[in-house]
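A.B. asks: The structure under discussion is supplied below as structure tokens; questions concerning it will follow.
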Amino acid sequence: MTTSLAKDSTVQGEAAALQQPTGKGFRVWFRKHLAWILIGALLAGLVTYLVVSSVSGAKDPRPLSSRNPAPDGAMALAEILGRHGVAVTATDTLAETMDALADRDDATVLLYDPRGFLDRTQLEGITDAADHVVLVNPRLRTLNSLEQDFRPGGVVPEATKGLEPRCDQDDAAAAGMVSAQGFIYSGPVVCYPVAGKASGLYAASGDGRVVVLGSTDLVDNQHLASEGNAALALRTLGKDQNLVWYLPGVGDLATTDSTPTLNELAPRWLAFVGPWLGIVALLAIAWRGRRLGPLVFEPLPVVVKAAETAEGRARLYQDSRAVGRAAENLRAGTLARLARHFNLGVDATPEAIVDASARRVERPASEVRSVLLDVRPDNEGQLVQWAQQIERIEQEATAR
């Protein structure tokens with residue numbers, strides 16, 4: 001029995017001894033290969049990031065993009081149009097847009113150009129090639145490039161909850177009320193007008209080929225479900241079987257081989273205003289030059305009397321209305337002369353000068369201090385009265 005217990009204890013001791021080195025061995029191995037473990041973790045994270053990026057690479061972060069699922073994107077509208085049989089083609093350049101229009105007979109172009117990259121020639125090419133063109137929040141440059149008579153009319157007031165169609169246009173009448181904030185435009189056909197104005201959130205040409213939407217809220221994901229926004233957007237963009245979703249970029253800027261001259265860069269009205277401004281400038285120079293008088297030649301060095309410099313400085317203070325500056329100069333001059341009269345030295349404090357002056361004129365020190373140190377004139381009338389008071393105190397103090 002004793003032998004059996006001894007054997008069991010021996011076996012347990014050997015097992016414990018085997019287990020203990022195993023834990024230490026793992027820690028030693030982990031410390032030894034820590035650098036490789038960290039490198040492997042970094043590589044795994046990099047691979048995970050690349051996989052996630054490749055999966056989400058098809059998304060477009062630009063506002064109102066048909067591939068952007070964010071609130072400011074328009075992926076929801078593009079998906080709904082696709083389910084209703086409309087072939088949506090997203091383009092980023094003018095060349096891609098024109099190629100897409102050339103391959104399709106009936107196509108609508110949605111154009112969102114908030115920075116005004118396209119010029120008149122490019123816009124004319126798009127409107128000629130497409131059956132319908134829908135512009136969202138166009139700039140003034142874009143409106144001026146269109147043949148139709150579209151003009152900006154202001155903004156939708158922030159307190160506006162919804163806008164009624166108030167027009168005979170079929171799409172707007174079917175959509176009903178919409179809820180959006182943005183700009184309003186005038187044109188041949190105007191819908192969703194703001195109270196008291198002839199401009200509206202929806203404007204169209206007489207033939208209906210060109211439509212201007214004044215707000216991205218009618219198209220983006222965040223506001224598409226509000227009121228009749230979705231109905232108006234679907235009916236406006238779904239007229240044809242094909243929809244070219246065009247968001248211009250910097251590459252669409254028109255470039256020329258020649259550098260524009262100063263005359264080309266200058267506005268047209270400058271040709272009429274420029275000569276007139278030149279004449280006005282010459283008259284102003286002549287007027288101001290005559291006020292200074294003729295030039296006087298004097299041999300150098302020029303000696304100027306102290307009274308003349310003091311008078312000239314006083315006139316400068318008067319012209320600039322520098323009442324405070326003039327008062328400080330008068331105060332400093334009076335204190336300096338009183339200190340010199342009482343032999344107080346250049347380091348004398350204003351309080352010492354006030355005490356000496358009060359004893360000489362036999363007045364309370366508080367009264368003399370209020371005049372010499374505490375008064376701060378606000379206008380020229382107060383400055384003259386105060387100057388007379390300090391001059392009177394100085395005369396009384398130096399006369400005795």
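Chain identifiers are assigned as A, B, and so on, following the order in which chains appear in the structure tokens; residues are numbered from 1 within each chain, and ligands are numbered from 1 in order of appearance.
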Residues of stretch 290-372 of chain A that have any atom at most 12 Å from an atom of stretch 395-400 of chain A: could you tabulate them with the shortest-distance atom pair and the distance in Å to one decimal, using only C-alpha atoms, ordered by chain and increasing number, as a Markdown table?
C.D. replies:
| residue | atom | partner | partner_atom | distance |
| --- | --- | --- | --- | --- |
| A:Thr334 | CA | A:Gln395 | CA | 10.3 |
| A:Leu335 | CA | A:Ala397 | CA | 11.6 |
| A:Arg337 | CA | A:Thr398 | CA | 9.3 |
| A:Leu338 | CA | A:Thr398 | CA | 7.6 |
| A:Ala339 | CA | A:Thr398 | CA | 10.6 |
| A:Arg340 | CA | A:Thr398 | CA | 10.3 |
| A:His341 | CA | A:Thr398 | CA | 6.9 |
| A:Phe342 | CA | A:Thr398 | CA | 8.6 |
| A:Asn343 | CA | A:Thr398 | CA | 11.9 |
| A:Ile353 | CA | A:Ala397 | CA | 10.8 |
| A:Val354 | CA | A:Ala397 | CA | 10.5 |
| A:Asp355 | CA | A:Ala397 | CA | 11.3 |
| A:Ala356 | CA | A:Ala397 | CA | 8.8 |
| A:Ser357 | CA | A:Ala397 | CA | 5.8 |
| A:Ala358 | CA | A:Ala397 | CA | 8.1 |
| A:Arg359 | CA | A:Ala397 | CA | 8.8 |
| A:Arg360 | CA | A:Ala397 | CA | 5.6 |
| A:Val361 | CA | A:Ala397 | CA | 5.5 |
| A:Glu362 | CA | A:Ala397 | CA | 9.2 |
| A:Arg363 | CA | A:Ala397 | CA | 10.5 |
| A:Val368 | CA | A:Ala397 | CA | 10.9 |
A.B. asks: Would you export the selected residues with C-alpha atoms as a PDB file, in the first residue's frame, please?
C.D. replies:
ATOM      1  CA  THR A 334       2.217 121.321 -17.866  1.00  0.00           C
ATOM      2  CA  LEU A 335       3.620 118.728 -15.436  1.00  0.00           C
ATOM      3  CA  ARG A 337       7.100 122.847 -16.596  1.00  0.00           C
ATOM      4  CA  LEU A 338       5.783 122.703 -13.002  1.00  0.00           C
ATOM      5  CA  ALA A 339       8.396 120.122 -12.024  1.00  0.00           C
ATOM      6  CA  ARG A 340      11.142 122.311 -13.515  1.00  0.00           C
ATOM      7  CA  HIS A 341       9.768 125.386 -11.711  1.00  0.00           C
ATOM      8  CA  PHE A 342       9.724 123.608  -8.328  1.00  0.00           C
ATOM      9  CA  ASN A 343      13.150 121.975  -8.933  1.00  0.00           C
ATOM     10  CA  ILE A 353       4.062 117.789  -8.625  1.00  0.00           C
ATOM     11  CA  VAL A 354       0.389 118.002  -7.582  1.00  0.00           C
ATOM     12  CA  ASP A 355       1.330 118.338  -3.897  1.00  0.00           C
ATOM     13  CA  ALA A 356       3.855 121.082  -4.625  1.00  0.00           C
ATOM     14  CA  SER A 357       1.389 122.978  -6.815  1.00  0.00           C
ATOM     15  CA  ALA A 358      -1.400 122.669  -4.200  1.00  0.00           C
ATOM     16  CA  ARG A 359       0.842 124.112  -1.498  1.00  0.00           C
ATOM     17  CA  ARG A 360       1.876 126.973  -3.753  1.00  0.00           C
ATOM     18  CA  VAL A 361      -1.642 127.962  -4.875  1.00  0.00           C
ATOM     19  CA  GLU A 362      -3.035 127.183  -1.386  1.00  0.00           C
ATOM     20  CA  ARG A 363      -5.724 124.839  -2.622  1.00  0.00           C
ATOM     21  CA  VAL A 368      -5.555 120.315  -8.047  1.00  0.00           C
TER      22      VAL A 368
END
A.B. asks: Give me, please, the distance in Å between atom CA of A:Glu158 and atom CA of A:Pro138, quoted to one decimal.
C.D. replies: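 Interatomic distance, atom CA of A:Glu158 to atom CA of A:Pro138: 20.0 Å.
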A.B. asks: Check the DSSP output for the backbone and give back, as a ChimeraX atom specification, the residues of stretch 125-295 of chain A in helix (DSSP H, G or I).
C.D. replies: /A:125-129,140-145,170-175,216-218,229-237,250-252,262-265,270-292
A.B. asks: Mind the document's chain letters and residue numbers, and return as a PyMOL selection string the residues of stretch 124-240 of chain A that DSSP labels strand (DSSP E).
C.D. replies: chain A and resi 132-136+151-155+183-186+189-193+200-204+210-213
A.B. asks: Here is a test: counting only C-alpha atoms, which residue of A:Gly324, A:Gly214, A:Gly116, A:Gly176 is nearest to A:Glu380?
C.D. replies: A:Gly324
